[in-house]
$ cat structure-v8.tsv   # TSV, C-alpha atoms
chain	number	residue	atom	x	y	z
A	1	ASP	CA	-58.50	-25.64	-36.94
A	2	GLU	CA	-55.27	-24.08	-38.18
A	3	LEU	CA	-53.59	-24.24	-34.77
A	4	LEU	CA	-51.19	-26.99	-33.84
A	5	PRO	CA	-52.50	-29.38	-31.15
A	6	GLY	CA	-50.48	-27.70	-28.37
A	7	GLY	CA	-51.76	-24.27	-29.29
A	8	ARG	CA	-55.31	-25.56	-29.56
A	9	GLY	CA	-55.04	-26.97	-26.03
A	10	ASP	CA	-53.81	-23.61	-24.74
A	11	VAL	CA	-56.79	-21.83	-26.32
A	12	HIS	CA	-59.22	-24.33	-24.78
A	13	ALA	CA	-57.55	-23.94	-21.37
A	14	ALA	CA	-57.71	-20.15	-21.58
A	15	TYR	CA	-61.40	-20.35	-22.54
A	16	ALA	CA	-62.18	-22.72	-19.67
A	17	ASN	CA	-60.27	-20.59	-17.15
A	18	ALA	CA	-62.06	-17.44	-18.30
A	19	LEU	CA	-65.44	-19.13	-18.07
A	20	ARG	CA	-64.66	-20.63	-14.66
A	21	ASP	CA	-63.50	-17.26	-13.31
A	22	HIS	CA	-66.35	-15.30	-14.95
A	23	PRO	CA	-69.44	-17.53	-15.18
A	24	GLU	CA	-71.53	-14.47	-15.97
A	25	LEU	CA	-70.04	-14.67	-19.50
A	26	ALA	CA	-72.30	-17.70	-20.00
A	27	GLY	CA	-75.27	-16.14	-18.26
A	28	GLY	CA	-74.14	-17.28	-14.80
A	29	ASP	CA	-76.35	-20.39	-14.86
A	30	ARG	CA	-74.40	-23.19	-13.16
A	31	ALA	CA	-75.83	-25.89	-15.44
A	32	ARG	CA	-74.94	-23.96	-18.58
A	33	VAL	CA	-71.46	-23.16	-17.29
A	34	SER	CA	-70.80	-26.83	-16.40
A	35	ALA	CA	-71.89	-27.97	-19.84
A	36	LEU	CA	-69.71	-25.34	-21.50
A	37	LEU	CA	-66.68	-26.18	-19.33
A	38	ALA	CA	-66.68	-29.96	-19.88
A	39	THR	CA	-65.53	-29.84	-23.50
A	40	PRO	CA	-62.73	-27.24	-23.27
A	41	TRP	CA	-61.23	-28.82	-20.15
A	42	TYR	CA	-61.19	-32.14	-21.98
A	43	ALA	CA	-59.75	-30.57	-25.15
A	44	ALA	CA	-57.07	-28.85	-23.04
A	45	HIS	CA	-56.14	-32.25	-21.51
A	46	GLU	CA	-57.03	-30.94	-18.05
A	47	LEU	CA	-58.55	-34.25	-17.01
A	48	GLY	CA	-59.32	-33.49	-13.36
A	49	PRO	CA	-61.43	-30.41	-14.12
A	50	ALA	CA	-62.88	-32.20	-17.17
A	51	LEU	CA	-64.10	-35.07	-14.98
A	52	ALA	CA	-65.72	-32.73	-12.45
A	53	ALA	CA	-67.31	-30.58	-15.17
A	54	SER	CA	-68.59	-33.67	-17.02
A	55	ILE	CA	-70.32	-34.97	-13.88
A	56	ASP	CA	-71.80	-31.54	-13.11
A	57	ALA	CA	-72.98	-31.19	-16.72
A	58	ALA	CA	-74.52	-34.68	-16.67
A	59	LEU	CA	-76.40	-33.94	-13.45
A	60	ALA	CA	-77.63	-30.64	-14.87
A	61	ALA	CA	-78.77	-32.36	-18.07
A	62	GLU	CA	-80.62	-34.98	-16.02
A	63	ARG	CA	-82.48	-32.28	-14.09
A	64	VAL	CA	-83.97	-30.91	-17.31
A	65	GLY	CA	-84.58	-34.29	-18.95
A	66	ALA	CA	-81.83	-33.96	-21.56
A	67	VAL	CA	-81.07	-37.69	-21.53
A	68	PRO	CA	-78.78	-37.84	-24.62
A	69	GLU	CA	-76.66	-34.99	-23.28
A	70	ALA	CA	-76.54	-36.53	-19.79
A	71	ARG	CA	-75.46	-39.82	-21.34
A	72	ARG	CA	-72.71	-38.12	-23.35
A	73	HIS	CA	-71.33	-36.42	-20.23
A	74	TYR	CA	-71.54	-39.60	-18.13
A	75	GLU	CA	-69.73	-41.53	-20.88
A	76	ARG	CA	-66.95	-38.95	-20.81
A	77	ALA	CA	-66.80	-39.00	-16.99
A	78	LEU	CA	-66.55	-42.78	-17.04
A	79	SER	CA	-63.74	-42.68	-19.60
A	80	LEU	CA	-61.86	-40.08	-17.53
A	81	TRP	CA	-62.35	-41.74	-14.14
A	82	SER	CA	-59.19	-43.82	-14.07
A	83	HIS	CA	-57.02	-41.23	-15.86
A	84	ALA	CA	-57.92	-37.95	-14.22
A	85	PRO	CA	-55.80	-36.81	-11.28
A	86	GLY	CA	-57.32	-35.44	-8.12
A	87	ASP	CA	-59.35	-36.36	-5.09
A	88	ARG	CA	-62.55	-38.21	-6.03
A	89	SER	CA	-64.14	-37.56	-2.63
A	90	GLU	CA	-64.91	-33.99	-3.72
A	91	LEU	CA	-66.97	-35.17	-6.70
A	92	PRO	CA	-70.76	-35.24	-6.29
A	93	LEU	CA	-70.93	-38.89	-7.48
A	94	ASP	CA	-68.77	-41.94	-6.92
A	95	HIS	CA	-67.65	-44.29	-9.68
A	96	LEU	CA	-70.46	-46.75	-9.05
A	97	GLU	CA	-73.10	-44.00	-9.20
A	98	VAL	CA	-71.71	-42.76	-12.53
A	99	HIS	CA	-72.15	-46.31	-13.86
A	100	ARG	CA	-75.71	-46.47	-12.51
A	101	ARG	CA	-76.76	-43.14	-13.95
A	102	LEU	CA	-75.15	-43.91	-17.29
A	103	ALA	CA	-76.99	-47.26	-17.34
A	104	ASP	CA	-80.28	-45.45	-16.63
A	105	ALA	CA	-79.61	-43.03	-19.48
A	106	ALA	CA	-78.79	-45.90	-21.85
A	107	CYS	CA	-82.01	-47.66	-20.84
A	108	LEU	CA	-84.05	-44.48	-21.40
A	109	MET	CA	-82.53	-44.31	-24.89
A	110	ALA	CA	-83.50	-47.97	-25.53
A	111	ASP	CA	-79.87	-49.13	-25.59
A	112	TYR	CA	-80.64	-52.11	-23.39
A	113	ASP	CA	-77.46	-54.06	-24.08
A	114	ARG	CA	-75.33	-51.13	-22.93
A	115	ALA	CA	-77.59	-50.52	-19.92
A	116	LEU	CA	-77.34	-54.16	-18.83
A	117	HIS	CA	-73.57	-54.22	-19.33
A	118	LEU	CA	-73.10	-51.08	-17.24
A	119	ILE	CA	-75.43	-52.20	-14.46
A	120	ASP	CA	-73.66	-55.56	-14.28
A	121	ILE	CA	-70.36	-53.74	-13.74
A	122	ALA	CA	-71.98	-51.62	-11.03
A	123	ILE	CA	-73.47	-54.71	-9.33
A	124	ALA	CA	-70.06	-56.41	-9.25
A	125	ALA	CA	-68.46	-53.26	-7.80
A	126	ALA	CA	-71.17	-52.93	-5.13
A	127	ARG	CA	-70.68	-56.58	-4.18
A	128	GLU	CA	-66.95	-55.93	-3.78
A	129	LEU	CA	-67.78	-53.01	-1.47
A	130	GLY	CA	-70.02	-55.31	0.58
A	131	ASP	CA	-73.03	-52.99	0.41
A	132	PRO	CA	-76.14	-55.23	0.20
A	133	LEU	CA	-78.61	-52.33	-0.02
A	134	ARG	CA	-76.79	-50.89	-2.99
A	135	VAL	CA	-76.47	-54.33	-4.59
A	136	SER	CA	-80.21	-54.87	-4.16
A	137	ASP	CA	-81.00	-51.47	-5.68
A	138	LEU	CA	-78.78	-52.16	-8.68
A	139	ILE	CA	-80.22	-55.64	-9.24
A	140	GLU	CA	-83.71	-54.14	-9.10
A	141	ARG	CA	-82.69	-51.67	-11.80
A	142	ARG	CA	-81.31	-54.54	-13.86
A	143	ALA	CA	-84.69	-56.25	-13.52
A	144	ARG	CA	-86.44	-53.09	-14.72
A	145	TYR	CA	-84.19	-52.93	-17.78
A	146	LEU	CA	-84.94	-56.58	-18.54
A	147	TRP	CA	-88.68	-55.97	-18.18
A	148	ILE	CA	-88.61	-52.96	-20.50
A	149	ASP	CA	-86.51	-54.92	-22.99
A	150	GLY	CA	-89.20	-57.59	-23.18
A	151	SER	CA	-87.75	-60.30	-20.92
A	152	PRO	CA	-90.36	-60.46	-18.12
A	153	HIS	CA	-89.37	-63.89	-16.78
A	154	ALA	CA	-85.70	-62.90	-16.53
A	155	ALA	CA	-86.86	-59.67	-14.88
A	156	LEU	CA	-88.92	-61.64	-12.35
A	157	ALA	CA	-85.87	-63.71	-11.42
A	158	ALA	CA	-83.83	-60.52	-11.01
A	159	TYR	CA	-86.54	-58.90	-8.86
A	160	GLU	CA	-86.49	-62.00	-6.66
A	161	GLU	CA	-82.68	-61.80	-6.43
A	162	ALA	CA	-82.95	-58.12	-5.43
A	163	LEU	CA	-85.34	-59.08	-2.66
A	164	VAL	CA	-83.17	-61.97	-1.42
A	165	THR	CA	-80.06	-59.76	-1.52
A	166	CYS	CA	-81.70	-57.01	0.52
A	167	PRO	CA	-81.28	-57.36	4.30
A	168	PRO	CA	-84.56	-58.24	6.06
A	169	THR	CA	-84.56	-55.09	8.20
A	170	PRO	CA	-87.17	-52.43	7.29
A	171	THR	CA	-85.59	-50.01	4.81
A	172	VAL	CA	-86.75	-48.01	1.83
A	173	GLN	CA	-84.81	-50.38	-0.43
A	174	ARG	CA	-86.52	-53.44	1.08
A	175	ALA	CA	-89.94	-51.84	0.53
A	176	ARG	CA	-88.96	-51.02	-3.06
A	177	ALA	CA	-87.71	-54.58	-3.68
A	178	LEU	CA	-90.92	-56.07	-2.23
A	179	SER	CA	-93.08	-53.73	-4.26
A	180	SER	CA	-91.25	-54.43	-7.52
A	181	TYR	CA	-91.29	-58.17	-6.97
A	182	GLY	CA	-95.00	-58.12	-6.09
A	183	GLN	CA	-95.86	-55.99	-9.10
A	184	SER	CA	-94.01	-58.31	-11.47
A	185	LEU	CA	-95.80	-61.35	-9.96
A	186	MET	CA	-99.12	-59.59	-10.50
A	187	LEU	CA	-98.33	-58.59	-14.09
A	188	LEU	CA	-97.25	-62.13	-14.92
A	189	SER	CA	-100.36	-63.59	-13.21
$ encode --input "structure-v8.tsv" --output "structure tokens"
Amino acid sequence: DELLPGGRGDVHAAYANALRDHPELAGGDRARVSALLATPWYAAHELGPALAASIDAALAAERVGAVPEARRHYERALSLWSHAPGDRSELPLDHLEVHRRLADAACLMADYDRALHLIDIAIAAARELGDPLRVSDLIERRARYLWIDGSPHAALAAYEEALVTCPPTPTVQRARALSSYGQSLMLLS
């Protein structure tokens, strides 16, 4: 706390470099190392490594059901996405998938407004990419959020939109859209 901001950044960078080069210092567990690296890279203003570490830490948190921690790391990754330098093709998730996973985490934490906002952004991005399967999947998720939030009729309309959006060829996504739509029809009699 007594260091000037520049010195503080240097200390964080040195810590992150040491941990990256010697993961055994944190027990060698990849998930633990990723979680420990995300904060110092960010504090050191090393945005490229901070973005990668935040995504890795979020994925690791998801694997163990640590939803609040996953959400925190996805929020940071999303905030860094447009500012961090580097090649995004090497990251395990693309921008749209970060939005989707963050929306899922928000929904699991009962923050439905945030979940719906994030999924709407992801839907718009998937439409721009011209990927109807991905659009259908995201709309189906939106429907699920609406259902959980207590809006079953809005959810039914979204499930129907997911089905209409999905190409008619046999795919896993088409089966999922049909199943979700049929289940909502049944539950609403």
$ atom_distance --input "structure-v8.tsv" --atom1 "CA of Ala52 in chain A" --atom2 "CA of Asp10 in chain A"
19.4 Å
$ closest_residue --input "structure-v8.tsv" --among "A:Leu156, A:Ala103, A:Thr169, A:Leu96" --to "Val135 in chain A" --atoms "all atoms listed in the file"
A:Leu96
$ closest_residue --input "structure-v8.tsv" --among "A:Val164, A:Ala175, A:Ala106, A:Ala18" --to "Pro68 in chain A" --atoms "only C-alpha atoms"
A:Ala106
$ atom_distance --input "structure-v8.tsv" --atom1 "CA of Arg114 in chain A" --atom2 "CA of Leu102 in chain A"
9.2 Å
$ atom_distance --input "structure-v8.tsv" --atom1 "CA of Ala143 in chain A" --atom2 "CA of Ala158 in chain A"
5.0 Å
$ residues_around --input "structure-v8.tsv" --residues "Ala77 in chain A" --least-positions-apart "2" --cutoff "7 Å" --atoms "all atoms listed in the file" --output "MDAnalysis selection string"
chainID A and resid 51 54:55 73:75 79:81
$ write_last_selection --input "structure-v8.tsv" --atoms "C-alpha atoms" --output "short mmCIF file (atom, residue, chain, number, x, y, z; two decimals), keeping the file's coordinate frame"
data_model
loop_
_atom_site.label_atom_id
_atom_site.label_comp_id
_atom_site.auth_asym_id
_atom_site.auth_seq_id
_atom_site.Cartn_x
_atom_site.Cartn_y
_atom_site.Cartn_z
CA LEU A 51 -64.10 -35.07 -14.98
CA SER A 54 -68.59 -33.67 -17.02
CA ILE A 55 -70.32 -34.97 -13.88
CA HIS A 73 -71.33 -36.42 -20.23
CA TYR A 74 -71.54 -39.60 -18.13
CA GLU A 75 -69.73 -41.53 -20.88
CA SER A 79 -63.74 -42.68 -19.60
CA LEU A 80 -61.86 -40.08 -17.53
CA TRP A 81 -62.35 -41.74 -14.14
#
$ residues_around --input "structure-v8.tsv" --residues "range 60-67 of chain A" --least-positions-apart "5" --cutoff "8 Å" --atoms "all atoms listed in the file" --output "PDB file with C-alpha atoms, in the frame of the given file"
ATOM      1  CA  ALA A  31     -75.830 -25.890 -15.440  1.00  0.00           C
ATOM      2  CA  SER A  34     -70.800 -26.830 -16.400  1.00  0.00           C
ATOM      3  CA  ALA A 105     -79.610 -43.030 -19.480  1.00  0.00           C
ATOM      4  CA  LEU A 108     -84.050 -44.480 -21.400  1.00  0.00           C
ATOM      5  CA  MET A 109     -82.530 -44.310 -24.890  1.00  0.00           C
TER       6      MET A 109
END
$ closest_residue --input "structure-v8.tsv" --among "A:Ile139, A:Leu37, A:Ala58, A:Ala16" --to "Ala154 in chain A" --atoms "all atoms listed in the file"
A:Ile139
$ residues_around --input "structure-v8.tsv" --residues "Asp94 in chain A" --least-positions-apart "3" --cutoff "12 Å" --atoms "all atoms listed in the file" --output "list in words"
Leu51, Ala52, Ile55, Tyr74, Ala77, Leu78, Trp81, Asp87, Arg88, Ser89, Glu90, Leu91, Glu97, Val98, His99, Arg100, Arg101, Ala122, Ala125 and Ala126 of chain A
$ residues_around --input "structure-v8.tsv" --residues "Gly9 in chain A" --least-positions-apart "5" --cutoff "8 Å" --atoms "only C-alpha atoms" --output "number ranges by chain"
A: 43-45
$ decode --input "structure-v8.tsv" --residues "range 136-173 of chain A" --atoms "N, CA, C and O atoms" --output "CSV table (one decimal), in the first residue's frame"
chain,number,residue,atom,x,y,z
A,136,SER,N,-29.7,-19.7,-32.7
A,136,SER,CA,-30.8,-20.5,-32.1
A,136,SER,C,-30.4,-20.9,-30.7
A,136,SER,O,-31.3,-20.9,-29.8
A,137,ASP,N,-29.2,-21.4,-30.5
A,137,ASP,CA,-28.8,-21.8,-29.2
A,137,ASP,C,-28.9,-20.6,-28.2
A,137,ASP,O,-29.4,-20.8,-27.1
A,138,LEU,N,-28.5,-19.4,-28.6
A,138,LEU,CA,-28.5,-18.3,-27.7
A,138,LEU,C,-29.9,-17.8,-27.4
A,138,LEU,O,-30.3,-17.4,-26.3
A,139,ILE,N,-30.8,-17.9,-28.4
A,139,ILE,CA,-32.2,-17.5,-28.2
A,139,ILE,C,-32.8,-18.6,-27.2
A,139,ILE,O,-33.6,-18.2,-26.4
A,140,GLU,N,-32.5,-19.8,-27.4
A,140,GLU,CA,-33.0,-20.8,-26.5
A,140,GLU,C,-32.6,-20.5,-25.0
A,140,GLU,O,-33.3,-20.7,-24.1
A,141,ARG,N,-31.3,-20.1,-24.9
A,141,ARG,CA,-30.8,-19.7,-23.5
A,141,ARG,C,-31.6,-18.5,-23.0
A,141,ARG,O,-32.0,-18.5,-21.8
A,142,ARG,N,-31.9,-17.6,-23.9
A,142,ARG,CA,-32.7,-16.4,-23.5
A,142,ARG,C,-34.1,-16.9,-23.0
A,142,ARG,O,-34.6,-16.4,-22.0
A,143,ALA,N,-34.6,-17.8,-23.7
A,143,ALA,CA,-35.9,-18.4,-23.3
A,143,ALA,C,-35.9,-19.0,-21.9
A,143,ALA,O,-36.8,-18.8,-21.1
A,144,ARG,N,-34.8,-19.7,-21.7
A,144,ARG,CA,-34.6,-20.4,-20.4
A,144,ARG,C,-34.5,-19.3,-19.3
A,144,ARG,O,-35.1,-19.5,-18.2
A,145,TYR,N,-33.8,-18.3,-19.5
A,145,TYR,CA,-33.7,-17.2,-18.5
A,145,TYR,C,-35.0,-16.6,-18.2
A,145,TYR,O,-35.4,-16.3,-17.1
A,146,LEU,N,-35.8,-16.4,-19.3
A,146,LEU,CA,-37.1,-15.8,-19.1
A,146,LEU,C,-38.0,-16.7,-18.3
A,146,LEU,O,-38.8,-16.3,-17.5
A,147,TRP,N,-37.9,-18.0,-18.6
A,147,TRP,CA,-38.8,-19.0,-17.9
A,147,TRP,C,-38.4,-19.0,-16.4
A,147,TRP,O,-39.3,-18.9,-15.5
A,148,ILE,N,-37.1,-19.0,-16.1
A,148,ILE,CA,-36.7,-19.0,-14.7
A,148,ILE,C,-37.1,-17.7,-14.0
A,148,ILE,O,-37.4,-17.7,-12.8
A,149,ASP,N,-37.1,-16.6,-14.7
A,149,ASP,CA,-37.4,-15.4,-14.1
A,149,ASP,C,-38.9,-15.2,-14.0
A,149,ASP,O,-39.4,-14.1,-13.5
A,150,GLY,N,-39.7,-16.2,-14.4
A,150,GLY,CA,-41.2,-16.1,-14.2
A,150,GLY,C,-41.9,-15.5,-15.3
A,150,GLY,O,-43.0,-14.9,-15.1
A,151,SER,N,-41.4,-15.6,-16.5
A,151,SER,CA,-42.1,-15.0,-17.7
A,151,SER,C,-42.3,-16.2,-18.7
A,151,SER,O,-41.7,-16.2,-19.8
A,152,PRO,N,-43.2,-17.2,-18.4
A,152,PRO,CA,-43.3,-18.3,-19.2
A,152,PRO,C,-43.9,-18.1,-20.6
A,152,PRO,O,-43.4,-18.7,-21.6
A,153,HIS,N,-44.7,-17.1,-20.8
A,153,HIS,CA,-45.3,-16.8,-22.1
A,153,HIS,C,-44.2,-16.2,-23.0
A,153,HIS,O,-44.1,-16.5,-24.2
A,154,ALA,N,-43.4,-15.3,-22.4
A,154,ALA,CA,-42.3,-14.7,-23.2
A,154,ALA,C,-41.3,-15.8,-23.5
A,154,ALA,O,-40.7,-15.8,-24.6
A,155,ALA,N,-41.1,-16.7,-22.6
A,155,ALA,CA,-40.2,-17.8,-22.8
A,155,ALA,C,-40.7,-18.7,-24.0
A,155,ALA,O,-39.9,-19.1,-24.8
A,156,LEU,N,-42.0,-19.0,-24.0
A,156,LEU,CA,-42.5,-19.8,-25.0
A,156,LEU,C,-42.3,-19.1,-26.4
A,156,LEU,O,-41.9,-19.8,-27.4
A,157,ALA,N,-42.5,-17.8,-26.5
A,157,ALA,CA,-42.3,-17.1,-27.7
A,157,ALA,C,-40.8,-17.2,-28.1
A,157,ALA,O,-40.5,-17.4,-29.3
A,158,ALA,N,-39.9,-17.1,-27.2
A,158,ALA,CA,-38.5,-17.2,-27.5
A,158,ALA,C,-38.1,-18.6,-27.9
A,158,ALA,O,-37.3,-18.8,-28.8
A,159,TYR,N,-38.7,-19.6,-27.2
A,159,TYR,CA,-38.4,-21.0,-27.7
A,159,TYR,C,-38.9,-21.2,-29.1
A,159,TYR,O,-38.2,-21.9,-29.9
A,160,GLU,N,-40.0,-20.7,-29.4
A,160,GLU,CA,-40.5,-20.8,-30.8
A,160,GLU,C,-39.6,-20.1,-31.8
A,160,GLU,O,-39.3,-20.6,-32.9
A,161,GLU,N,-39.1,-18.9,-31.4
A,161,GLU,CA,-38.1,-18.2,-32.3
A,161,GLU,C,-36.8,-19.0,-32.4
A,161,GLU,O,-36.3,-19.0,-33.5
A,162,ALA,N,-36.4,-19.6,-31.4
A,162,ALA,CA,-35.2,-20.5,-31.5
A,162,ALA,C,-35.4,-21.6,-32.5
A,162,ALA,O,-34.5,-21.9,-33.3
A,163,LEU,N,-36.6,-22.2,-32.4
A,163,LEU,CA,-36.9,-23.3,-33.4
A,163,LEU,C,-37.0,-22.8,-34.8
A,163,LEU,O,-36.4,-23.4,-35.7
A,164,VAL,N,-37.6,-21.6,-35.0
A,164,VAL,CA,-37.7,-21.1,-36.4
A,164,VAL,C,-36.4,-20.6,-36.9
A,164,VAL,O,-36.1,-20.8,-38.1
A,165,THR,N,-35.5,-20.1,-36.0
A,165,THR,CA,-34.2,-19.7,-36.4
A,165,THR,C,-33.3,-20.8,-36.8
A,165,THR,O,-32.4,-20.7,-37.7
A,166,CYS,N,-33.5,-21.9,-36.2
A,166,CYS,CA,-32.6,-23.1,-36.4
A,166,CYS,C,-32.9,-23.7,-37.8
A,166,CYS,O,-34.0,-23.9,-38.2
A,167,PRO,N,-31.9,-24.0,-38.6
A,167,PRO,CA,-32.1,-24.6,-39.9
A,167,PRO,C,-32.8,-26.0,-39.7
A,167,PRO,O,-32.6,-26.6,-38.7
A,168,PRO,N,-33.6,-26.4,-40.7
A,168,PRO,CA,-34.4,-27.6,-40.6
A,168,PRO,C,-33.6,-28.9,-40.7
A,168,PRO,O,-34.2,-29.9,-40.5
A,169,THR,N,-32.3,-28.8,-41.0
A,169,THR,CA,-31.5,-30.0,-41.1
A,169,THR,C,-31.3,-30.7,-39.7
A,169,THR,O,-31.3,-29.9,-38.7
A,170,PRO,N,-31.2,-32.0,-39.6
A,170,PRO,CA,-31.0,-32.6,-38.3
A,170,PRO,C,-29.7,-32.3,-37.7
A,170,PRO,O,-28.6,-32.6,-38.2
A,171,THR,N,-29.8,-31.6,-36.6
A,171,THR,CA,-28.6,-31.2,-35.8
A,171,THR,C,-28.9,-31.3,-34.3
A,171,THR,O,-30.1,-31.4,-33.9
A,172,VAL,N,-27.9,-31.4,-33.5
A,172,VAL,CA,-28.1,-31.4,-32.0
A,172,VAL,C,-28.9,-30.2,-31.6
A,172,VAL,O,-29.8,-30.2,-30.8
A,173,GLN,N,-28.6,-29.0,-32.2
A,173,GLN,CA,-29.2,-27.8,-31.8
A,173,GLN,C,-30.7,-27.8,-32.2
A,173,GLN,O,-31.6,-27.4,-31.4
